[in-house]
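Chemist: Hey, dropping entry07.csv in here, CSV, C-alpha atoms:
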```csv
chain,number,residue,atom,x,y,z
A,73,ASP,CA,0.0,0.0,0.0
A,74,GLY,CA,1.7,3.2,-1.2
A,75,GLY,CA,1.6,6.4,0.8
A,76,ILE,CA,3.2,8.8,3.2
A,77,THR,CA,3.4,8.1,6.9
A,78,GLN,CA,4.0,10.5,9.7
A,79,SER,CA,4.7,9.6,13.2
A,80,PRO,CA,3.6,10.1,15.9
A,81,LYS,CA,0.1,11.5,15.3
A,82,TYR,CA,0.3,13.5,18.6
A,83,LEU,CA,3.5,14.7,20.3
A,84,PHE,CA,3.9,16.6,23.5
A,85,ARG,CA,7.1,18.3,24.6
A,86,LYS,CA,8.4,20.7,27.2
A,87,GLU,CA,9.6,24.1,26.1
A,88,GLY,CA,13.3,24.1,25.4
A,89,GLN,CA,13.5,20.6,24.0
A,90,ASN,CA,14.3,19.7,20.5
A,91,VAL,CA,11.9,17.3,18.8
A,92,THR,CA,12.1,15.3,15.5
A,93,LEU,CA,9.0,14.5,13.4
A,94,SER,CA,9.2,11.6,11.1
A,95,CYS,CA,8.1,11.5,7.5
A,96,GLU,CA,8.5,8.4,5.2
A,97,GLN,CA,7.1,7.8,1.7
A,98,ASN,CA,7.1,4.7,-0.5
A,99,LEU,CA,5.8,6.4,-3.6
A,100,ASN,CA,9.2,6.8,-5.2
A,101,HIS,CA,8.7,10.5,-5.2
A,102,ASP,CA,11.7,12.8,-5.7
A,103,ALA,CA,10.4,15.9,-3.9
A,104,MET,CA,9.3,16.2,-0.3
A,105,TYR,CA,7.9,19.1,1.7
A,106,TRP,CA,7.2,20.2,5.3
A,107,TYR,CA,4.3,22.5,6.1
A,108,ARG,CA,3.0,24.1,9.2
A,109,GLN,CA,-0.7,24.8,9.8
A,110,ASP,CA,-2.0,26.8,12.7
A,111,PRO,CA,-5.7,26.7,13.7
A,112,GLY,CA,-8.0,28.2,11.1
A,113,GLN,CA,-5.1,29.1,8.9
A,114,GLY,CA,-3.6,27.9,5.6
A,115,LEU,CA,-0.4,25.9,5.1
A,116,ARG,CA,3.0,27.6,5.3
A,117,LEU,CA,6.1,26.0,3.7
A,118,ILE,CA,8.9,25.3,6.2
A,119,TYR,CA,11.4,23.3,4.0
A,120,TYR,CA,11.4,21.4,0.8
A,121,SER,CA,13.7,19.0,-1.0
A,122,GLN,CA,13.7,18.1,-4.6
A,123,ILE,CA,16.5,15.5,-4.5
A,124,VAL,CA,18.5,13.5,-1.9
A,125,ASN,CA,21.1,15.5,0.0
A,126,ASP,CA,19.6,18.8,-1.0
A,127,PHE,CA,16.9,21.0,0.5
A,128,GLN,CA,15.9,24.6,0.5
A,129,LYS,CA,14.2,26.9,3.0
A,130,GLY,CA,10.6,27.8,2.7
A,131,ASP,CA,8.8,30.8,4.0
A,132,ILE,CA,9.2,30.0,7.8
A,133,ALA,CA,12.4,28.0,8.2
A,134,GLU,CA,13.7,29.8,11.3
A,135,GLY,CA,13.8,27.4,14.2
A,136,TYR,CA,13.6,24.3,12.1
A,137,SER,CA,16.1,21.9,10.5
A,138,VAL,CA,15.8,19.0,8.1
A,139,SER,CA,17.9,16.3,6.5
A,140,ARG,CA,17.4,14.3,3.3
A,141,GLU,CA,19.8,11.3,3.4
A,142,LYS,CA,17.4,8.9,1.8
A,143,LYS,CA,14.8,9.4,-1.0
A,144,GLU,CA,12.1,7.9,1.2
A,145,SER,CA,12.7,10.0,4.4
A,146,PHE,CA,12.6,13.7,5.2
A,147,PRO,CA,12.6,14.2,9.0
A,148,LEU,CA,11.9,17.6,10.5
A,149,THR,CA,13.5,18.8,13.8
A,150,VAL,CA,11.7,21.5,15.7
A,151,THR,CA,14.5,23.2,17.7
A,152,SER,CA,14.2,25.2,20.9
A,153,ALA,CA,14.8,28.3,18.8
A,154,GLN,CA,11.4,28.0,17.3
A,155,LYS,CA,9.4,30.6,19.3
A,156,ASN,CA,5.9,29.2,18.8
A,157,PRO,CA,6.2,25.5,17.9
A,158,THR,CA,2.7,24.3,18.8
A,159,ALA,CA,1.0,23.5,15.5
A,160,PHE,CA,-0.1,20.8,13.1
A,161,TYR,CA,2.8,19.7,10.9
A,162,LEU,CA,2.2,18.2,7.5
A,163,CYS,CA,4.6,16.3,5.3
A,164,ALA,CA,4.0,15.9,1.5
A,165,SER,CA,5.8,14.4,-1.5
A,166,SER,CA,5.5,14.7,-5.2
A,167,MET,CA,7.1,13.7,-8.5
A,168,ALA,CA,9.4,16.3,-10.0
A,169,GLY,CA,8.8,18.1,-13.2
A,170,ARG,CA,5.3,18.7,-14.7
A,171,SER,CA,3.4,17.3,-11.8
A,172,MET,CA,5.6,19.0,-9.2
A,173,TYR,CA,2.6,20.3,-7.4
A,174,GLU,CA,0.4,17.2,-7.3
A,175,GLN,CA,1.4,16.7,-3.8
A,176,TYR,CA,0.5,13.7,-1.7
A,177,PHE,CA,0.1,14.6,2.0
A,178,GLY,CA,0.6,12.5,5.1
A,179,PRO,CA,-1.9,12.4,8.0
A,180,GLY,CA,0.0,15.1,10.0
A,181,THR,CA,1.6,15.3,13.4
A,182,ARG,CA,0.0,17.6,16.0
A,183,LEU,CA,2.8,19.0,18.2
A,184,THR,CA,2.0,20.6,21.6
A,185,VAL,CA,4.8,22.4,23.5
A,186,THR,CA,4.1,23.5,27.0
B,288,LEU,CA,6.0,34.5,-5.5
B,289,ALA,CA,2.3,34.9,-6.3
B,290,LYS,CA,0.0,36.5,-3.6
B,291,ILE,CA,-3.1,34.5,-3.4
B,292,THR,CA,-6.6,35.6,-2.3
B,293,GLN,CA,-9.6,33.3,-1.7
B,294,PRO,CA,-13.0,34.0,-0.1
B,295,ILE,CA,-12.9,32.9,3.5
B,296,SER,CA,-16.2,30.9,3.4
B,297,MET,CA,-19.0,29.9,1.2
B,298,ASP,CA,-22.4,28.2,1.8
B,299,SER,CA,-24.2,25.9,-0.6
B,300,TYR,CA,-27.0,23.3,-0.7
B,301,GLU,CA,-26.8,19.7,-1.8
B,302,GLY,CA,-27.1,19.2,-5.5
B,303,GLN,CA,-26.0,22.7,-6.5
B,304,GLU,CA,-22.9,23.7,-8.5
B,305,VAL,CA,-20.3,25.5,-6.5
B,306,ASN,CA,-17.7,27.9,-7.9
B,307,ILE,CA,-14.7,29.0,-5.8
B,308,THR,CA,-12.5,31.7,-7.2
B,309,CYS,CA,-8.9,32.3,-6.4
B,310,SER,CA,-7.1,35.5,-7.3
B,311,HIS,CA,-3.3,35.4,-8.1
B,312,ASN,CA,-2.6,38.8,-9.7
B,313,ASN,CA,1.2,38.4,-9.9
B,314,ILE,CA,1.3,34.8,-11.2
B,315,ALA,CA,4.5,34.1,-13.1
B,316,THR,CA,4.9,32.5,-16.5
B,317,ASN,CA,6.2,29.2,-15.0
B,318,ASP,CA,3.4,28.9,-12.3
B,319,TYR,CA,0.8,26.2,-12.3
B,320,ILE,CA,-2.5,26.4,-10.3
B,321,THR,CA,-3.5,23.5,-8.2
B,322,TRP,CA,-6.5,23.0,-5.9
B,323,TYR,CA,-6.7,20.8,-2.8
B,324,GLN,CA,-9.4,19.7,-0.4
B,325,GLN,CA,-8.8,19.3,3.4
B,326,PHE,CA,-11.0,17.8,6.0
B,327,PRO,CA,-10.3,18.6,9.7
B,328,SER,CA,-7.2,17.0,11.2
B,329,GLN,CA,-6.2,15.4,7.9
B,330,GLY,CA,-3.7,16.3,5.2
B,331,PRO,CA,-5.0,18.0,2.0
B,332,ARG,CA,-6.0,15.9,-1.0
B,333,PHE,CA,-5.3,16.9,-4.6
B,334,ILE,CA,-8.3,17.8,-6.6
B,335,ILE,CA,-7.2,19.3,-9.9
B,336,GLN,CA,-4.3,21.2,-11.6
B,337,GLY,CA,-4.0,23.5,-14.6
B,338,TYR,CA,-2.0,26.0,-16.5
B,339,LYS,CA,-4.5,27.8,-18.7
B,340,THR,CA,-8.0,27.4,-20.2
B,341,LYS,CA,-10.1,24.6,-18.8
B,342,VAL,CA,-9.3,21.3,-17.2
B,343,THR,CA,-11.9,18.7,-16.2
B,344,ASN,CA,-11.6,15.5,-14.2
B,345,GLU,CA,-14.0,13.2,-12.6
B,346,VAL,CA,-14.6,15.4,-9.6
B,347,ALA,CA,-14.1,19.0,-10.7
B,348,SER,CA,-13.4,21.5,-13.4
B,349,LEU,CA,-10.8,24.3,-13.3
B,350,PHE,CA,-11.3,27.5,-15.3
B,351,ILE,CA,-8.3,29.7,-16.0
B,352,PRO,CA,-8.8,32.9,-18.1
B,353,ALA,CA,-6.3,34.0,-20.7
B,354,ASP,CA,-4.5,36.5,-18.3
B,355,ARG,CA,-4.2,33.7,-15.7
B,356,LYS,CA,-4.7,36.2,-12.8
B,357,SER,CA,-7.5,34.2,-11.4
B,358,SER,CA,-8.8,30.7,-11.4
B,359,THR,CA,-12.2,29.1,-10.6
B,360,LEU,CA,-12.7,25.7,-9.1
B,361,SER,CA,-16.1,24.3,-10.1
B,362,LEU,CA,-17.7,21.4,-8.1
B,363,PRO,CA,-20.8,20.0,-9.8
B,364,ARG,CA,-23.7,18.9,-7.7
B,365,VAL,CA,-22.1,19.1,-4.3
B,366,SER,CA,-23.1,16.7,-1.4
B,367,LEU,CA,-22.8,17.0,2.4
B,368,SER,CA,-19.5,15.2,2.2
B,369,ASP,CA,-18.0,18.1,0.1
B,370,THR,CA,-18.0,20.2,3.2
B,371,ALA,CA,-14.3,21.0,3.7
B,372,VAL,CA,-11.7,23.7,3.3
B,373,TYR,CA,-10.5,24.2,-0.3
B,374,TYR,CA,-7.0,25.6,-1.0
B,375,CYS,CA,-5.6,27.2,-4.1
B,376,LEU,CA,-1.9,26.6,-4.6
B,377,VAL,CA,0.3,28.5,-7.1
B,378,GLY,CA,3.7,27.0,-7.8
B,379,ASP,CA,6.6,27.3,-10.0
B,380,ASN,CA,8.1,24.5,-12.1
B,381,GLY,CA,11.0,26.7,-13.2
B,382,THR,CA,13.9,28.2,-11.2
B,383,ASN,CA,11.8,28.3,-8.0
B,384,ALA,CA,10.4,24.8,-8.4
B,385,GLY,CA,9.2,23.5,-5.1
B,386,LYS,CA,8.6,26.9,-3.5
B,387,SER,CA,4.8,27.0,-3.7
B,388,THR,CA,2.3,29.4,-2.1
B,389,PHE,CA,-1.0,28.2,-0.6
B,390,GLY,CA,-4.0,30.5,-0.3
B,391,ASP,CA,-5.6,30.8,3.2
B,392,GLY,CA,-8.4,28.5,2.1
B,393,THR,CA,-12.1,28.7,1.5
B,394,THR,CA,-14.4,26.9,4.0
B,395,LEU,CA,-17.3,25.4,2.0
B,396,THR,CA,-20.3,24.4,4.0
B,397,VAL,CA,-22.9,22.3,2.2
B,398,LYS,CA,-26.4,22.2,3.7
B,399,PRO,CA,-29.1,19.7,3.2
```
Could the structure of this file be written out as structure tokens, please?

Modeler:
Amino acid sequence: DGGITQSPKYLFRKEGQNVTLSCEQNLNHDAMYWYRQDPGQGLRLIYYSQIVNDFQKGDIAEGYSVSREKKESFPLTVTSAQKNPTAFYLCASSMAGRSMYEQYFGPGTRLTVT
Amino acid sequence: LAKITQPISMDSYEGQEVNITCSHNNIATNDYITWYQQFPSQGPRFIIQGYKTKVTNEVASLFIPADRKSSTLSLPRVSLSDTAVYYCLVGDNGTNAGKSTFGDGTTLTVKP
């Protein structure tokens, strides 16, 4: 069964701790993305990667870091430098080229930092 | 990157056709327009994508005028299960490929 998995679904952390969100896809997609969604708002791009070992900052990259060591995996670390980390985090993937923006999304991870 | 404007909300009734318009005045030559549907606490789901004129698939149509500064998602004969948030996405397949911009979404409520 092909798709994108994100784990865990819910995550709770204390302020000041780094936390890593997992994203794995078995769709053989080249491109992967991380978005943040706050209540009642749209999606904002954090980081994206079009190929292994390469990634670019999105609109709100400050306080986040990523790695892309494997085609299937694109983990996101929310660092203690992120001032307001509580949000719904969505990972997506897509083929490159013409269908770049036919993105397939995972189920999301809801992060709560107290 | 394109600035995107969508209506915040729309109401409709079952069986009606719904048209949701997205404004993207500074769309670039390389940009494509894509629409997604999102239910609460789920990831968005792809609906349709286009570059110009009209695109139709089994669930929706997308109308893009010649100047490409707006686009309209058309949902024929909506049902209660079409109640969701609809997002317009404008993205670049050229030098900025991957750096896409989502609108803030339109909450569609379908009533019986």

Chemist: For A:Gly114, find every residue with an atom within 6 Å (counting only C-alpha atoms), except residues of its own chain fewer than 5 positions away, and show them as a list of chain:residue names.

Modeler: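 Result of the neighbour search: A:Gln109, B:Asp391, B:Gly392.
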
Chemist: Using only C-alpha atoms, please write the residues we just selected to a file, as a short mmCIF file (atom, residue, chain, number, x, y, z; two decimals), keeping the file's coordinate frame.

Modeler:
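Dumped to selection.cif:
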```
data_model
loop_
_atom_site.label_atom_id
_atom_site.label_comp_id
_atom_site.auth_asym_id
_atom_site.auth_seq_id
_atom_site.Cartn_x
_atom_site.Cartn_y
_atom_site.Cartn_z
CA GLN A 109 -0.70 24.80 9.80
CA ASP B 391 -5.60 30.80 3.20
CA GLY B 392 -8.40 28.50 2.10
#
```

Chemist: Do you know which residues are at most 6 Å from stretch 327-340 of chain B counting only C-alpha atoms, after dropping those on the same chain fewer than 2 positions away, and could you put them as a list in words?

Modeler: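 Listing them by chain and then by number gives Phe177, Gly178 and Pro179 of chain A; Tyr319, Ile320, Thr321, Trp322, Tyr323, Gln324, Gln325, Phe350, Ile351 and Pro352 of chain B.
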
Chemist: Deliver the residues from the most recent selection as a file, using C-alpha atoms, as a short mmCIF file (atom, residue, chain, number, x, y, z; two decimals), in the frame of the given file.

Modeler:
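Listing of out_9.cif after writing:
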```cif
data_model
loop_
_atom_site.label_atom_id
_atom_site.label_comp_id
_atom_site.auth_asym_id
_atom_site.auth_seq_id
_atom_site.Cartn_x
_atom_site.Cartn_y
_atom_site.Cartn_z
CA PHE A 177 0.10 14.60 2.00
CA GLY A 178 0.60 12.50 5.10
CA PRO A 179 -1.90 12.40 8.00
CA TYR B 319 0.80 26.20 -12.30
CA ILE B 320 -2.50 26.40 -10.30
CA THR B 321 -3.50 23.50 -8.20
CA TRP B 322 -6.50 23.00 -5.90
CA TYR B 323 -6.70 20.80 -2.80
CA GLN B 324 -9.40 19.70 -0.40
CA GLN B 325 -8.80 19.30 3.40
CA PHE B 350 -11.30 27.50 -15.30
CA ILE B 351 -8.30 29.70 -16.00
CA PRO B 352 -8.80 32.90 -18.10
#
```

Chemist: Compile a residue-level contact table for chain A against chain B at a cut-off of 9 Å, reporting for every qualifying residue the shortest atom pair and its distance in Å to one decimal, with only C-alpha atoms counted, rows ordered by chain and ascending number, as JSON lines.

Modeler:
```
{"residue": "A:Ala103", "atom": "CA", "partner": "B:Gly385", "partner_atom": "CA", "distance": 7.8}
{"residue": "A:Met104", "atom": "CA", "partner": "B:Gly385", "partner_atom": "CA", "distance": 8.7}
{"residue": "A:Tyr105", "atom": "CA", "partner": "B:Gly385", "partner_atom": "CA", "distance": 8.2}
{"residue": "A:Gly112", "atom": "CA", "partner": "B:Asp391", "partner_atom": "CA", "distance": 8.7}
{"residue": "A:Gln113", "atom": "CA", "partner": "B:Asp391", "partner_atom": "CA", "distance": 6.0}
{"residue": "A:Gly114", "atom": "CA", "partner": "B:Asp391", "partner_atom": "CA", "distance": 4.3}
{"residue": "A:Leu115", "atom": "CA", "partner": "B:Phe389", "partner_atom": "CA", "distance": 6.2}
{"residue": "A:Arg116", "atom": "CA", "partner": "B:Phe389", "partner_atom": "CA", "distance": 7.2}
{"residue": "A:Leu117", "atom": "CA", "partner": "B:Ser387", "partner_atom": "CA", "distance": 7.6}
{"residue": "A:Tyr119", "atom": "CA", "partner": "B:Lys386", "partner_atom": "CA", "distance": 8.8}
{"residue": "A:Tyr120", "atom": "CA", "partner": "B:Gly385", "partner_atom": "CA", "distance": 6.6}
{"residue": "A:Ser121", "atom": "CA", "partner": "B:Gly385", "partner_atom": "CA", "distance": 7.6}
{"residue": "A:Gln122", "atom": "CA", "partner": "B:Gly385", "partner_atom": "CA", "distance": 7.0}
{"residue": "A:Gln128", "atom": "CA", "partner": "B:Lys386", "partner_atom": "CA", "distance": 8.6}
{"residue": "A:Lys129", "atom": "CA", "partner": "B:Lys386", "partner_atom": "CA", "distance": 8.6}
{"residue": "A:Gly130", "atom": "CA", "partner": "B:Lys386", "partner_atom": "CA", "distance": 6.6}
{"residue": "A:Asp131", "atom": "CA", "partner": "B:Lys386", "partner_atom": "CA", "distance": 8.5}
{"residue": "A:Phe160", "atom": "CA", "partner": "B:Ser328", "partner_atom": "CA", "distance": 8.3}
{"residue": "A:Leu162", "atom": "CA", "partner": "B:Gly330", "partner_atom": "CA", "distance": 6.6}
{"residue": "A:Cys163", "atom": "CA", "partner": "B:Gly330", "partner_atom": "CA", "distance": 8.3}
{"residue": "A:Ala164", "atom": "CA", "partner": "B:Gly330", "partner_atom": "CA", "distance": 8.6}
{"residue": "A:Ala168", "atom": "CA", "partner": "B:Asn380", "partner_atom": "CA", "distance": 8.6}
{"residue": "A:Gly169", "atom": "CA", "partner": "B:Asn380", "partner_atom": "CA", "distance": 6.5}
{"residue": "A:Arg170", "atom": "CA", "partner": "B:Asn380", "partner_atom": "CA", "distance": 6.9}
{"residue": "A:Ser171", "atom": "CA", "partner": "B:Asn380", "partner_atom": "CA", "distance": 8.6}
{"residue": "A:Met172", "atom": "CA", "partner": "B:Asn380", "partner_atom": "CA", "distance": 6.7}
{"residue": "A:Tyr173", "atom": "CA", "partner": "B:Gly378", "partner_atom": "CA", "distance": 6.8}
{"residue": "A:Glu174", "atom": "CA", "partner": "B:Phe333", "partner_atom": "CA", "distance": 6.3}
{"residue": "A:Gln175", "atom": "CA", "partner": "B:Phe333", "partner_atom": "CA", "distance": 6.8}
{"residue": "A:Tyr176", "atom": "CA", "partner": "B:Arg332", "partner_atom": "CA", "distance": 6.9}
{"residue": "A:Phe177", "atom": "CA", "partner": "B:Gly330", "partner_atom": "CA", "distance": 5.3}
{"residue": "A:Gly178", "atom": "CA", "partner": "B:Gly330", "partner_atom": "CA", "distance": 5.7}
{"residue": "A:Pro179", "atom": "CA", "partner": "B:Gly330", "partner_atom": "CA", "distance": 5.1}
{"residue": "A:Gly180", "atom": "CA", "partner": "B:Gly330", "partner_atom": "CA", "distance": 6.2}
{"residue": "A:Arg182", "atom": "CA", "partner": "B:Ser328", "partner_atom": "CA", "distance": 8.7}
```

Chemist: Near B:Asn313, counting all atoms listed in the file, which residues have an atom at most 12 Å away, once you skip same-chain residues fewer than 3 positions from it, shown as a ChimeraX atom specification?

Modeler: /B:288-292,310,316-318,354-357,377-378,388

Chemist: For B:Gln303, please output as a list of chain:residue names all residues within 10 Å (counting only C-alpha atoms; exclusion window: fewer than 5 positions along the same chain).

Modeler: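 Within the cut-off, the hits are B:Leu362, B:Pro363, B:Arg364, B:Val365, B:Ser366, B:Val397.
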
Chemist: Up to 12 Å from (-24.8, 23.8, 0.6) in the file's coordinates: name the residues, counting all atoms listed in the file, as a list in words.

Modeler: Ser296, Met297, Asp298, Ser299, Tyr300, Glu301, Gly302, Gln303, Glu304, Val305, Asn306, Leu362, Pro363, Arg364, Val365, Ser366, Leu367, Ser368, Asp369, Thr370, Ala371, Thr394, Leu395, Thr396, Val397, Lys398 and Pro399 of chain B

Chemist: Kindly indicate which residue among B:Ala315, B:Phe326, B:Gln293, B:Ile307 lies nearest to B:Leu349, using all atoms listed in the file for the distances.

Modeler: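 Looking at the shortest contact to B:Leu349, the residue is B:Ile307.
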
Chemist: Atom CA of A:Ala159 and atom CA of B:Pro294 are how many Å apart?

Modeler: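 Calculated distance between atom CA of A:Ala159 and atom CA of B:Pro294 is 23.4 Å.
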
Chemist: How many Å lie between atom CA of A:Cys95 and atom CA of A:Thr186, rounded to one decimal?

Modeler: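 These two atoms are separated by 23.2 Å.
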
Chemist: Of the candidates A:Ser165, A:Asn90, A:Asn100, A:Asn125, which one gets nearest to A:Thr151 if we count all atoms listed in the file?

Modeler: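 Of all the options, A:Asn90 lies closest to A:Thr151.
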
Chemist: Give me, please, the distance in Å between atom CA of A:Ala133 and atom CA of B:Cys309, quoted to one decimal.

Modeler: 26.2 Å

Chemist: With a distance cut-off of 6 Å and only C-alpha atoms, select the neighbouring residues of stretch 141-147 of chain A, excluding the residue or stretch itself and same-chain residues fewer than 6 positions from it, and output the selection as a PyMOL selection string.

Modeler: chain A and resi 93-97+124-125
